[in-house]
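Text of upload-v3.pdb (PDB, C-alpha atoms) as supplied:
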```pdb
ATOM      1  CA  MET G1393      25.148  -7.567 -25.844
ATOM      2  CA  ASN G1394      21.378  -7.439 -25.207
ATOM      3  CA  ILE G1395      21.580 -10.660 -23.195
ATOM      4  CA  LYS G1396      24.249  -9.126 -20.937
ATOM      5  CA  LYS G1397      22.121  -6.034 -20.358
ATOM      6  CA  LEU G1398      19.129  -8.235 -19.644
ATOM      7  CA  PHE G1399      20.938 -10.014 -16.827
ATOM      8  CA  ASN G1400      21.873  -6.699 -15.235
ATOM      9  CA  HIS G1401      18.252  -6.280 -14.167
ATOM     10  CA  ASN G1402      16.651  -7.764 -11.058
ATOM     11  CA  GLU G1403      13.460  -8.379 -13.032
ATOM     12  CA  THR G1404      15.182 -10.957 -15.261
ATOM     13  CA  TYR G1405      16.241 -13.114 -12.316
ATOM     14  CA  LEU G1406      12.831 -12.766 -10.680
ATOM     15  CA  ALA G1407      11.107 -13.829 -13.915
ATOM     16  CA  LEU G1408      13.378 -16.870 -14.151
ATOM     17  CA  VAL G1409      12.694 -17.832 -10.525
ATOM     18  CA  LEU G1410       8.956 -17.424 -11.160
ATOM     19  CA  ILE G1411       9.159 -19.678 -14.247
ATOM     20  CA  VAL G1412      11.123 -22.345 -12.331
ATOM     21  CA  PHE G1413       8.688 -22.191  -9.403
ATOM     22  CA  CYS G1414       5.647 -22.441 -11.687
ATOM     23  CA  THR G1415       7.258 -25.387 -13.494
ATOM     24  CA  ALA G1416       7.821 -27.155 -10.160
ATOM     25  CA  LEU G1417       4.192 -26.526  -9.166
ATOM     26  CA  THR G1418       2.973 -27.875 -12.509
ATOM     27  CA  ILE G1419       5.018 -31.054 -12.029
ATOM     28  CA  ALA G1420       3.689 -31.406  -8.473
ATOM     29  CA  SER G1421       0.118 -30.774  -9.588
ATOM     30  CA  PRO G1422      -0.903 -30.617 -13.294
ATOM     31  CA  VAL G1423      -4.005 -28.662 -12.168
ATOM     32  CA  PHE G1424      -1.816 -25.595 -11.541
ATOM     33  CA  LEU G1425      -1.291 -24.638 -15.183
ATOM     34  CA  THR G1426      -4.855 -25.216 -16.376
ATOM     35  CA  LEU G1427      -6.685 -22.314 -18.014
ATOM     36  CA  ASP G1428      -9.335 -22.456 -15.288
ATOM     37  CA  ASN G1429      -6.796 -22.055 -12.474
ATOM     38  CA  PHE G1430      -4.829 -19.415 -14.387
ATOM     39  CA  THR G1431      -7.835 -17.120 -14.945
ATOM     40  CA  VAL G1432      -8.889 -17.474 -11.295
ATOM     41  CA  MET G1433      -5.369 -16.560 -10.138
ATOM     42  CA  ILE G1434      -5.304 -13.487 -12.372
ATOM     43  CA  LYS G1435      -8.683 -12.338 -11.058
ATOM     44  CA  THR G1436      -7.747 -12.797  -7.388
ATOM     45  CA  THR G1437      -4.361 -11.114  -7.876
ATOM     46  CA  CYS G1438      -5.516  -7.918  -9.616
ATOM     47  CA  GLY G1439      -6.648  -6.163  -6.423
ATOM     48  CA  THR G1440      -3.377  -6.894  -4.628
ATOM     49  CA  ALA G1441      -1.439  -5.721  -7.685
ATOM     50  CA  ILE G1442      -3.295  -2.381  -7.644
ATOM     51  CA  LEU G1443      -2.568  -1.945  -3.932
ATOM     52  CA  ALA G1444       1.077  -2.802  -4.662
ATOM     53  CA  ILE G1445       1.298   0.036  -7.210
ATOM     54  CA  GLY G1446       0.441   2.497  -4.420
ATOM     55  CA  VAL G1447       2.963   0.923  -2.048
ATOM     56  CA  PHE G1448       5.537   1.015  -4.863
ATOM     57  CA  ILE G1449       5.054   4.772  -5.367
ATOM     58  CA  VAL G1450       5.470   5.418  -1.630
ATOM     59  CA  LEU G1451       8.558   3.175  -1.373
ATOM     60  CA  LEU G1452      10.019   4.861  -4.436
ATOM     61  CA  SER G1453       9.772   8.199  -2.627
ATOM     62  CA  GLY G1454      11.643   6.817   0.386
ATOM     63  CA  GLY G1455       8.721   5.899   2.671
ATOM     64  CA  THR G1456       6.968   2.712   3.810
ATOM     65  CA  ASP G1457       3.156   2.836   3.834
ATOM     66  CA  VAL G1458       1.552   0.325   6.199
ATOM     67  CA  SER G1459      -1.876   1.988   6.105
ATOM     68  CA  CYS G1460      -2.729   0.826   2.564
ATOM     69  CA  THR G1461      -4.948  -2.078   3.630
ATOM     70  CA  ALA G1462      -6.720   0.037   6.267
ATOM     71  CA  VAL G1463      -7.496   2.680   3.620
ATOM     72  CA  ALA G1464      -8.778  -0.038   1.252
ATOM     73  CA  ILE G1465     -11.060  -1.748   3.768
ATOM     74  CA  CYS G1466     -12.402   1.552   5.148
ATOM     75  CA  SER G1467     -13.169   2.800   1.623
ATOM     76  CA  GLU G1468     -14.794  -0.520   0.733
ATOM     77  CA  TYR G1469     -16.908  -0.836   3.868
ATOM     78  CA  ILE G1470     -18.064   2.797   4.070
ATOM     79  CA  ALA G1471     -18.990   2.780   0.356
ATOM     80  CA  THR G1472     -21.001  -0.397   0.941
ATOM     81  CA  ARG G1473     -22.824   1.105   3.907
ATOM     82  CA  PHE G1474     -23.525   4.244   1.864
ATOM     83  CA  LEU G1475     -25.112   2.225  -0.956
ATOM     84  CA  LEU G1476     -27.202   0.227   1.509
ATOM     85  CA  ALA G1477     -28.341   3.330   3.407
ATOM     86  CA  THR G1478     -29.316   5.290   0.277
ATOM     87  CA  GLY G1479     -30.717   2.375  -1.734
ATOM     88  CA  ILE G1480     -28.393   3.239  -4.643
ATOM     89  CA  ASP G1481     -27.313   0.154  -6.573
ATOM     90  CA  ASN G1482     -24.652   1.471  -8.926
ATOM     91  CA  ILE G1483     -21.032   0.302  -9.196
ATOM     92  CA  PHE G1484     -19.840   3.710 -10.446
ATOM     93  CA  VAL G1485     -21.256   5.396  -7.355
ATOM     94  CA  ALA G1486     -19.524   2.767  -5.222
ATOM     95  CA  PHE G1487     -16.204   3.473  -6.959
ATOM     96  CA  GLY G1488     -16.762   7.225  -6.629
ATOM     97  CA  VAL G1489     -17.399   7.065  -2.877
ATOM     98  CA  ALA G1490     -14.495   4.659  -2.263
ATOM     99  CA  ILE G1491     -12.044   6.689  -4.354
ATOM    100  CA  ALA G1492     -13.066   9.957  -2.653
ATOM    101  CA  LEU G1493     -12.566   8.357   0.770
ATOM    102  CA  GLY G1494      -9.230   6.857  -0.321
ATOM    103  CA  ILE G1495      -7.950  10.222  -1.530
ATOM    104  CA  PHE G1496      -9.152  11.896   1.684
ATOM    105  CA  MET G1497      -7.324   9.374   3.881
ATOM    106  CA  GLY G1498      -4.262   9.668   1.650
ATOM    107  CA  ALA G1499      -4.330  13.438   2.160
ATOM    108  CA  ILE G1500      -4.357  12.897   5.945
ATOM    109  CA  ASN G1501      -1.250  10.730   5.571
ATOM    110  CA  ALA G1502       0.335  13.490   3.493
ATOM    111  CA  VAL G1503      -0.376  16.102   6.175
ATOM    112  CA  PHE G1504       1.473  14.082   8.815
ATOM    113  CA  VAL G1505       4.377  13.229   6.503
ATOM    114  CA  SER G1506       4.786  16.484   4.583
ATOM    115  CA  ILE G1507       3.730  19.184   7.051
ATOM    116  CA  PHE G1508       4.465  17.638  10.449
ATOM    117  CA  LYS G1509       7.546  15.766   9.142
ATOM    118  CA  ILE G1510       6.624  12.504  10.884
ATOM    119  CA  PRO G1511       8.524   9.468   9.482
ATOM    120  CA  VAL G1512       6.290   7.689   6.975
ATOM    121  CA  LEU G1513       6.337   4.319   8.744
ATOM    122  CA  ILE G1514       5.286   5.879  12.074
ATOM    123  CA  ALA G1515       2.694   8.166  10.477
ATOM    124  CA  THR G1516       0.995   5.413   8.474
ATOM    125  CA  LEU G1517       1.195   2.960  11.372
ATOM    126  CA  GLY G1518      -0.756   5.512  13.410
ATOM    127  CA  THR G1519      -3.248   6.428  10.694
ATOM    128  CA  ALA G1520      -3.943   2.746   9.952
ATOM    129  CA  SER G1521      -5.264   2.349  13.500
ATOM    130  CA  LEU G1522      -6.897   5.779  13.361
ATOM    131  CA  PHE G1523      -8.838   5.064  10.154
ATOM    132  CA  HIS G1524      -9.879   1.552  11.120
ATOM    133  CA  GLY G1525     -10.820   2.513  14.677
ATOM    134  CA  ALA G1526     -12.873   5.519  13.520
ATOM    135  CA  MET G1527     -14.711   3.354  10.990
ATOM    136  CA  ALA G1528     -15.499   0.709  13.616
ATOM    137  CA  GLU G1529     -16.760   3.319  16.096
ATOM    138  CA  PHE G1530     -18.744   5.628  13.819
ATOM    139  CA  VAL G1531     -19.780   3.397  10.904
ATOM    140  CA  GLY G1532     -20.070  -0.026  12.525
ATOM    141  CA  THR G1533     -18.644  -3.526  12.440
ATOM    142  CA  LYS G1534     -21.578  -5.496  11.064
ATOM    143  CA  SER G1535     -20.727  -7.999   8.328
ATOM    144  CA  TYR G1536     -22.895  -8.345   5.212
ATOM    145  CA  ASN G1537     -23.376 -11.642   3.376
ATOM    146  CA  VAL G1538     -23.903 -12.041  -0.341
ATOM    147  CA  GLY G1539     -27.681 -11.779   0.028
ATOM    148  CA  ASP G1540     -27.436  -8.420   1.827
ATOM    149  CA  LEU G1541     -25.157  -6.653  -0.653
ATOM    150  CA  PRO G1542     -26.238  -4.486  -3.599
ATOM    151  CA  GLN G1543     -26.535  -6.425  -6.853
ATOM    152  CA  CYS G1544     -23.980  -4.173  -8.565
ATOM    153  CA  PHE G1545     -21.120  -5.798  -6.605
ATOM    154  CA  LYS G1546     -22.196  -9.283  -7.686
ATOM    155  CA  ASP G1547     -22.586  -8.231 -11.323
ATOM    156  CA  PHE G1548     -19.235  -6.448 -11.397
ATOM    157  CA  GLY G1549     -17.465  -9.381  -9.740
ATOM    158  CA  THR G1550     -18.640 -11.779 -12.472
ATOM    159  CA  MET G1551     -18.146  -9.395 -15.415
ATOM    160  CA  ASN G1552     -15.736 -10.716 -18.055
ATOM    161  CA  VAL G1553     -14.024  -9.135 -21.055
ATOM    162  CA  LEU G1554     -13.673 -12.562 -22.671
ATOM    163  CA  SER G1555     -15.932 -15.547 -22.064
ATOM    164  CA  TRP G1556     -15.802 -19.214 -23.043
ATOM    165  CA  SER G1557     -16.965 -22.607 -21.817
ATOM    166  CA  LEU G1558     -14.920 -25.520 -20.528
ATOM    167  CA  PRO G1559     -15.406 -28.984 -22.146
ATOM    168  CA  ASP G1560     -17.882 -29.906 -19.405
ATOM    169  CA  GLY G1561     -19.949 -26.787 -20.173
ATOM    170  CA  THR G1562     -18.787 -24.736 -17.172
ATOM    171  CA  PRO G1563     -18.704 -21.015 -18.094
ATOM    172  CA  GLN G1564     -15.271 -19.395 -17.802
ATOM    173  CA  GLY G1565     -13.825 -15.990 -18.623
ATOM    174  CA  LEU G1566     -11.166 -13.323 -18.231
ATOM    175  CA  SER G1567     -12.312 -10.851 -15.579
ATOM    176  CA  VAL G1568     -12.761  -7.147 -16.264
ATOM    177  CA  PHE G1569     -10.429  -6.661 -13.279
ATOM    178  CA  ILE G1570      -7.445  -7.198 -15.597
ATOM    179  CA  ILE G1571      -8.497  -4.208 -17.751
ATOM    180  CA  ILE G1572      -8.600  -1.968 -14.674
ATOM    181  CA  LEU G1573      -5.169  -3.207 -13.574
ATOM    182  CA  ILE G1574      -3.612  -2.642 -17.008
ATOM    183  CA  ALA G1575      -5.123   0.864 -17.213
ATOM    184  CA  LEU G1576      -3.688   1.789 -13.800
ATOM    185  CA  ILE G1577      -0.265   0.338 -14.655
ATOM    186  CA  LEU G1578      -0.175   2.430 -17.835
ATOM    187  CA  LEU G1579      -1.352   5.555 -15.991
ATOM    188  CA  THR G1580       1.312   5.122 -13.304
ATOM    189  CA  TRP G1581       3.996   4.379 -15.901
ATOM    190  CA  PHE G1582       3.054   7.566 -17.790
ATOM    191  CA  ILE G1583       3.193   9.663 -14.600
ATOM    192  CA  LEU G1584       6.603   8.295 -13.593
ATOM    193  CA  ARG G1585       8.100   8.453 -17.076
ATOM    194  CA  PHE G1586       6.731  11.647 -18.598
ATOM    195  CA  THR G1587       5.750  14.081 -15.828
ATOM    196  CA  MET G1588       7.688  16.354 -13.479
ATOM    197  CA  ILE G1589       5.876  14.807 -10.529
ATOM    198  CA  GLY G1590       7.147  11.391 -11.627
ATOM    199  CA  ARG G1591      10.718  12.654 -11.839
ATOM    200  CA  GLY G1592      10.215  14.338  -8.489
ATOM    201  CA  ILE G1593       9.154  11.037  -6.875
ATOM    202  CA  TYR G1594      12.419   9.391  -7.970
ATOM    203  CA  ALA G1595      14.395  12.477  -6.897
ATOM    204  CA  LEU G1596      12.686  12.578  -3.495
ATOM    205  CA  GLY G1597      13.517   8.925  -2.883
ATOM    206  CA  GLY G1598      17.096   9.341  -4.044
ATOM    207  CA  ASN G1599      18.002  12.466  -2.070
ATOM    208  CA  PRO G1600      15.332  14.813  -0.639
ATOM    209  CA  GLU G1601      17.759  17.688  -0.110
ATOM    210  CA  ALA G1602      19.108  17.443  -3.649
ATOM    211  CA  ALA G1603      15.523  17.247  -4.986
ATOM    212  CA  LYS G1604      14.634  20.429  -3.086
ATOM    213  CA  ARG G1605      17.683  22.240  -4.441
ATOM    214  CA  ALA G1606      16.787  21.099  -7.951
ATOM    215  CA  GLY G1607      13.533  23.040  -7.616
ATOM    216  CA  PHE G1608      11.049  20.247  -6.889
ATOM    217  CA  ASN G1609       8.116  21.192  -4.668
ATOM    218  CA  LEU G1610       8.400  18.392  -2.097
ATOM    219  CA  HIS G1611       5.078  19.232  -0.384
ATOM    220  CA  LYS G1612       3.207  19.005  -3.687
ATOM    221  CA  ILE G1613       4.932  15.728  -4.597
ATOM    222  CA  GLN G1614       4.242  14.136  -1.204
ATOM    223  CA  PHE G1615       0.580  15.134  -1.301
ATOM    224  CA  PHE G1616       0.296  13.620  -4.776
ATOM    225  CA  ILE G1617       2.012  10.387  -3.653
ATOM    226  CA  TYR G1618      -0.284   9.695  -0.701
ATOM    227  CA  CYS G1619      -3.471  10.865  -2.423
ATOM    228  CA  TYR G1620      -2.617   8.667  -5.413
ATOM    229  CA  ALA G1621      -1.948   5.705  -3.105
ATOM    230  CA  GLY G1622      -5.342   6.380  -1.479
ATOM    231  CA  PHE G1623      -6.990   6.582  -4.908
ATOM    232  CA  LEU G1624      -5.593   3.145  -5.775
ATOM    233  CA  ALA G1625      -6.607   1.701  -2.390
ATOM    234  CA  GLY G1626     -10.183   2.921  -2.951
ATOM    235  CA  ILE G1627     -10.345   1.135  -6.304
ATOM    236  CA  MET G1628      -8.873  -2.013  -4.775
ATOM    237  CA  GLY G1629     -11.514  -1.950  -2.012
ATOM    238  CA  ILE G1630     -14.436  -2.102  -4.453
ATOM    239  CA  MET G1631     -12.720  -4.826  -6.475
ATOM    240  CA  HIS G1632     -12.128  -6.800  -3.269
ATOM    241  CA  ILE G1633     -15.753  -6.769  -2.135
ATOM    242  CA  SER G1634     -16.910  -7.593  -5.688
ATOM    243  CA  LEU G1635     -14.531 -10.546  -5.699
ATOM    244  CA  ILE G1636     -15.481 -12.118  -2.356
ATOM    245  CA  VAL G1637     -19.074 -10.734  -2.240
ATOM    246  CA  TYR G1638     -18.865 -10.344   1.514
ATOM    247  CA  ALA G1639     -18.401  -7.133   3.496
ATOM    248  CA  ASN G1640     -16.355  -7.626   6.633
ATOM    249  CA  PRO G1641     -14.648  -4.562   8.179
ATOM    250  CA  MET G1642     -11.909  -6.783   9.634
ATOM    251  CA  TYR G1643     -10.736  -8.122   6.258
ATOM    252  CA  LEU G1644      -7.411  -7.074   4.675
ATOM    253  CA  ILE G1645      -5.999  -5.700   7.945
ATOM    254  CA  GLY G1646      -2.648  -7.371   8.569
ATOM    255  CA  THR G1647      -1.999  -8.279   4.922
ATOM    256  CA  GLU G1648      -0.006  -5.115   4.172
ATOM    257  CA  LEU G1649       3.325  -6.845   4.850
ATOM    258  CA  ALA G1650       2.708  -9.272   1.983
ATOM    259  CA  VAL G1651       2.114  -6.308  -0.363
ATOM    260  CA  ILE G1652       5.277  -4.547   0.833
ATOM    261  CA  ALA G1653       7.225  -7.814   0.452
ATOM    262  CA  ALA G1654       6.017  -8.155  -3.151
ATOM    263  CA  VAL G1655       7.227  -4.647  -4.008
ATOM    264  CA  VAL G1656      10.594  -5.203  -2.285
ATOM    265  CA  LEU G1657      10.967  -8.570  -4.022
ATOM    266  CA  GLY G1658      10.394  -6.730  -7.300
ATOM    267  CA  GLY G1659      13.569  -4.724  -6.725
ATOM    268  CA  THR G1660      12.259  -1.508  -5.197
ATOM    269  CA  ARG G1661      14.748  -0.269  -2.652
ATOM    270  CA  ILE G1662      13.383   0.274   0.879
ATOM    271  CA  THR G1663      15.233   3.596   1.113
ATOM    272  CA  GLY G1664      13.690   4.842  -2.144
ATOM    273  CA  GLY G1665      14.898   6.145  -5.488
ATOM    274  CA  THR G1666      15.094   2.771  -7.260
ATOM    275  CA  GLY G1667      12.382   0.457  -8.572
ATOM    276  CA  THR G1668      10.218  -0.420 -11.568
ATOM    277  CA  LEU G1669       6.579  -1.263 -12.195
ATOM    278  CA  THR G1670       7.638  -4.395 -14.072
ATOM    279  CA  GLY G1671       9.543  -5.625 -11.027
ATOM    280  CA  THR G1672       6.602  -4.805  -8.779
ATOM    281  CA  MET G1673       4.168  -6.838 -10.915
ATOM    282  CA  LEU G1674       6.596  -9.773 -11.005
ATOM    283  CA  GLY G1675       6.970  -9.520  -7.223
ATOM    284  CA  VAL G1676       3.193  -9.579  -6.789
ATOM    285  CA  ALA G1677       2.934 -12.603  -9.099
ATOM    286  CA  MET G1678       5.632 -14.426  -7.124
ATOM    287  CA  ILE G1679       4.043 -13.723  -3.732
ATOM    288  CA  MET G1680       0.558 -14.637  -4.955
ATOM    289  CA  VAL G1681       1.695 -17.881  -6.567
ATOM    290  CA  LEU G1682       3.613 -18.697  -3.392
ATOM    291  CA  GLN G1683       0.695 -17.931  -1.067
ATOM    292  CA  LYS G1684      -1.984 -19.750  -3.047
ATOM    293  CA  ASN G1685      -0.039 -22.859  -4.040
ATOM    294  CA  LEU G1686       2.296 -23.828  -1.176
ATOM    295  CA  VAL G1687       0.004 -26.698  -0.329
ATOM    296  CA  LEU G1688       0.606 -28.190  -3.798
ATOM    297  CA  ILE G1689       4.272 -28.787  -2.953
ATOM    298  CA  GLY G1690       3.451 -30.221   0.459
ATOM    299  CA  LEU G1691       4.163 -27.156   2.620
ATOM    300  CA  SER G1692       1.910 -25.809   5.350
ATOM    301  CA  SER G1693       0.205 -22.450   4.754
ATOM    302  CA  TYR G1694       2.138 -21.142   7.792
ATOM    303  CA  TRP G1695       5.188 -20.953   5.531
ATOM    304  CA  GLN G1696       3.561 -17.923   3.883
ATOM    305  CA  ASP G1697       4.463 -15.688   6.819
ATOM    306  CA  PHE G1698       7.982 -17.125   6.875
ATOM    307  CA  PHE G1699       8.630 -16.310   3.220
ATOM    308  CA  VAL G1700       7.072 -12.819   3.469
ATOM    309  CA  GLY G1701       9.266 -11.977   6.471
ATOM    310  CA  LEU G1702      12.334 -13.457   4.783
ATOM    311  CA  ILE G1703      11.802 -11.343   1.657
ATOM    312  CA  ILE G1704      11.506  -8.122   3.693
ATOM    313  CA  VAL G1705      14.612  -8.916   5.787
ATOM    314  CA  ILE G1706      16.669  -9.819   2.696
ATOM    315  CA  GLY G1707      15.459  -6.664   0.908
ATOM    316  CA  VAL G1708      16.492  -4.399   3.787
ATOM    317  CA  THR G1709      19.818  -6.230   4.190
ATOM    318  CA  ILE G1710      20.684  -5.853   0.505
ATOM    319  CA  THR G1711      19.876  -2.132   0.657
ATOM    320  CA  ASN G1712      22.097  -1.634   3.720
ATOM    321  CA  VAL G1713      24.970  -3.580   2.166
ATOM    322  CA  GLN G1714      24.692  -1.558  -1.057
ATOM    323  CA  ASN G1715      24.704   1.711   0.906
ATOM    324  CA  LYS G1716      27.793   0.650   2.875
ATOM    325  CA  ILE G1717      29.624  -0.335  -0.309
ATOM    326  CA  LYS G1718      28.769   3.028  -1.883
ATOM    327  CA  ALA G1719      29.921   4.871   1.244
ATOM    328  CA  MET G1720      33.218   2.955   1.275
ATOM    329  CA  ARG G1721      33.768   3.696  -2.393
ATOM    330  CA  GLY G1722      33.006   7.353  -1.724
ATOM    331  CA  MET G1723      35.571   7.484   1.066
ATOM    332  CA  GLY G1724      38.073   5.786  -1.214
ATOM    333  CA  GLY G1725      37.381   8.390  -3.874
ATOM    334  CA  VAL G1726      37.993  11.241  -1.412
ATOM    335  CA  ARG G1727      41.390   9.850  -0.539
TER     336      ARG G1727
END
```

For this file, write the structure as structure tokens.
Amino acid sequence: MNIKKLFNHNETYLALVLIVFCTALTIASPVFLTLDNFTVMIKTTCGTAILAIGVFIVLLSGGTDVSCTAVAICSEYIATRFLLATGIDNIFVAFGVAIALGIFMGAINAVFVSIFKIPVLIATLGTASLFHGAMAEFVGTKSYNVGDLPQCFKDFGTMNVLSWSLPDGTPQGLSVFIIILIALILLTWFILRFTMIGRGIYALGGNPEAAKRAGFNLHKIQFFIYCYAGFLAGIMGIMHISLIVYANPMYLIGTELAVIAAVVLGGTRITGGTGTLTGTMLGVAMIMVLQKNLVLIGLSSYWQDFFVGLIIVIGVTITNVQNKIKAMRGMGGVR
């Protein structure tokens, strides 16, 4: 009975595929499943997972946000320049500046989507160029190496919640990034499960007109969605620069499709109304494992783009087929 219910969920199949794929990678290269490699993969995946939560919320509401990476890199780079200009060397200040900028850019997205009624894909495609272009023109495009950056980024990037040493004496640990990710997953889960705004997000994605008639304030919900996505992008930006310890205003741009693909792979419907955080995290894990380990099974890194595109196309196709089947059943019911 429970087993049957389990196999009714997309997440179950995705988890099984992930297990099979990881097993194949382990057979191809025993290095894959080592504790060292596993902790590194978790650390490098946390930022993408946080960005995916924001994309998930937007997709759930029936939109597709392609400005997420632009918001993240702008928040990251401007916060870095602010710390360098003021001489402040504090990670909390960096997070504060990045989050404020992320929320501000999210609010701009919300204005175009909620007030001017511009389709989300078009609006965020435009604002992605707008944000990145404005940053390049008014803030600059200079890159900063590890020696130029505030110490707080380096310290935060190497901070662990658990530490140990490998047999050869090499220090190893579980990054603090995982704590931030878990906290944001729980916060998002609480919002979606126990608040009216969370119910409104699902309702908006399912049927905007029905949601409006049910008494949901669509403007308020849309402003929350895009400001929350910006909030998450700001956090991701600081985690990203702390991870790579290099500030380059051209980084992240163009990687948004991989994030969207991960969310779609996790079972979130492109047209909105359906999706889970569990599926999203499994989708992120699958995409990240795929991207970082293709070479272990003898495939060129160019296959990454192929698989990302394939996932998006299959996701959209499945949604369209499901909608057509529902429409046909509806017509049959009318007769």

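Evaluating the PyMOL selection byres ((chain G and resi 1403) around 8) against the shown model yields His1401, Asn1402, Thr1404, Tyr1405, Leu1406, Ala1407, Gly1658, Gly1659, Thr1670, Gly1671 and Leu1674 of chain G.
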
Which of G:Phe1582, G:Phe1448, G:Phe1615, G:Trp1695 sits closest to Gly1498 in chain G [using all atoms listed in the file]: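 Result for the nearest residue to Gly1498 in chain G: G:Phe1615.
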
Shell of 9 Å around Leu1493 in chain G, all atoms listed in the file, local chain residues under 5 positions omitted, as a short mmCIF file (atom, residue, chain, number, x, y, z; two decimals) with C-alpha atoms, keeping the file's coordinate frame:
```cif
data_model
loop_
_atom_site.label_atom_id
_atom_site.label_comp_id
_atom_site.auth_asym_id
_atom_site.auth_seq_id
_atom_site.Cartn_x
_atom_site.Cartn_y
_atom_site.Cartn_z
CA VAL G 1463 -7.50 2.68 3.62
CA CYS G 1466 -12.40 1.55 5.15
CA SER G 1467 -13.17 2.80 1.62
CA ILE G 1470 -18.06 2.80 4.07
CA ALA G 1471 -18.99 2.78 0.36
CA GLY G 1488 -16.76 7.22 -6.63
CA GLY G 1498 -4.26 9.67 1.65
CA GLY G 1622 -5.34 6.38 -1.48
CA PHE G 1623 -6.99 6.58 -4.91
CA GLY G 1626 -10.18 2.92 -2.95
#
```

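Nearest to Met1551 in chain G of all the residues G:Ile1717, G:Ile1633, G:Val1568, G:Val1485 is G:Val1568, counting all atoms listed in the file.
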
What's around Lys1546 in chain G at 10 Å? Count only C-alpha atoms, leave out sequence neighbours fewer than 2 positions away in its own chain, and write the answer as a ChimeraX atom specification. /G:1483,1538-1539,1541-1544,1548-1551,1633-1638

Can you list every residue of range 1531-1649 of chain G that has an atom at most 12 Å from range 1512-1519 of chain G, with its nearest atom pair and the distance in Å to one decimal, using only C-alpha atoms, ordered by chain then number, as CSV?
```
residue,atom,partner,partner_atom,distance
G:Gln1614,CA,G:Val1512,CA,10.6
G:Ile1617,CA,G:Val1512,CA,11.8
G:Tyr1618,CA,G:Thr1516,CA,10.2
G:Ala1621,CA,G:Thr1516,CA,12.0
G:Gly1622,CA,G:Thr1516,CA,11.8
G:Ile1645,CA,G:Leu1517,CA,11.8
G:Gly1646,CA,G:Leu1517,CA,11.4
G:Glu1648,CA,G:Leu1517,CA,10.9
G:Leu1649,CA,G:Leu1517,CA,12.0
```

Contacts of range 1622-1647 of chain G with range 1429-1444 of chain G up to 7 Å, shortest pair per row, only C-alpha atoms, as CSV:
```
residue,atom,partner,partner_atom,distance
G:Leu1624,CA,G:Leu1443,CA,6.2
G:Ala1625,CA,G:Leu1443,CA,5.7
G:Met1628,CA,G:Gly1439,CA,5.0
G:Met1631,CA,G:Gly1439,CA,6.2
G:His1632,CA,G:Gly1439,CA,6.4
```

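Once Val1553 in chain G and its same-chain neighbours fewer than 4 positions away are set aside, Gly1565, Leu1566, Ser1567, Val1568, Phe1569, Ile1570 and Ile1571 of chain G remain within 9 Å of it when counting all atoms listed in the file.
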
Compare G:Val1700, G:Ala1499, G:Val1458, G:Ile1449 by their minimum atom-to-atom distance to Gln1683 in chain G, counting all atoms listed in the file, and give me the closest one. G:Val1700

Atom pair CA of Leu1427 in chain G / CA of Ser1555 in chain G: separation (Å):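 So the two atoms, CA of Leu1427 in chain G and CA of Ser1555 in chain G, lie 12.2 Å apart.
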
For each of G:Cys1414, G:Val1505, G:Ile1703, G:Leu1554, take the minimum atom-to-atom distance to Val1655 in chain G, counting only C-alpha atoms, then give the residue where this is smallest.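 Ranking G:Cys1414, G:Val1505, G:Ile1703, G:Leu1554 by distance to Val1655 in chain G, first place goes to G:Ile1703.
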
As a check of understanding, name the residues that the PyMOL selection byres ((chain G and resi 1609) around 12) selects in the supplied structure, as a count of residues only. 24

I'd like the contact shell of Thr1418 in chain G - 12 Å cut-off, only C-alpha atoms, skipping same-chain residues fewer than 4 positions apart - returned as a list in words.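 Listed by chain and then number, they are Ile1411, Val1412, Phe1413, Cys1414, Pro1422, Val1423, Phe1424, Leu1425, Thr1426, Asn1429, Phe1430, Val1681, Asn1685, Leu1688 and Ile1689 of chain G.
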
Preceding selection exported with C-alpha atoms as a PDB file, in the coordinates of the input:
```pdb
ATOM      1  CA  ILE G1411       9.159 -19.678 -14.247  1.00  0.00           C
ATOM      2  CA  VAL G1412      11.123 -22.345 -12.331  1.00  0.00           C
ATOM      3  CA  PHE G1413       8.688 -22.191  -9.403  1.00  0.00           C
ATOM      4  CA  CYS G1414       5.647 -22.441 -11.687  1.00  0.00           C
ATOM      5  CA  PRO G1422      -0.903 -30.617 -13.294  1.00  0.00           C
ATOM      6  CA  VAL G1423      -4.005 -28.662 -12.168  1.00  0.00           C
ATOM      7  CA  PHE G1424      -1.816 -25.595 -11.541  1.00  0.00           C
ATOM      8  CA  LEU G1425      -1.291 -24.638 -15.183  1.00  0.00           C
ATOM      9  CA  THR G1426      -4.855 -25.216 -16.376  1.00  0.00           C
ATOM     10  CA  ASN G1429      -6.796 -22.055 -12.474  1.00  0.00           C
ATOM     11  CA  PHE G1430      -4.829 -19.415 -14.387  1.00  0.00           C
ATOM     12  CA  VAL G1681       1.695 -17.881  -6.567  1.00  0.00           C
ATOM     13  CA  ASN G1685      -0.039 -22.859  -4.040  1.00  0.00           C
ATOM     14  CA  LEU G1688       0.606 -28.190  -3.798  1.00  0.00           C
ATOM     15  CA  ILE G1689       4.272 -28.787  -2.953  1.00  0.00           C
TER      16      ILE G1689
END
```

Smallest atom-to-atom distance to Leu1452 in chain G: which of G:Gln1696, G:Ile1662, G:His1524, G:Val1713, using all atoms listed in the file?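 The closest residue to Leu1452 in chain G is G:Ile1662.
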
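For the residues G:Ala1520, G:Ala1502, G:Ile1577, G:Val1531, ranking by smallest atom-to-atom distance to Thr1668 in chain G using all atoms listed in the file places G:Ile1577 first.
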
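Note that CA of Trp1581 in chain G and CA of Arg1661 in chain G are 17.7 Å apart.
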
Please report the interatomic distance between CA of Thr1472 in chain G and CA of Ala1486 in chain G in Å with one decimal.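 These two atoms are separated by 7.1 Å.
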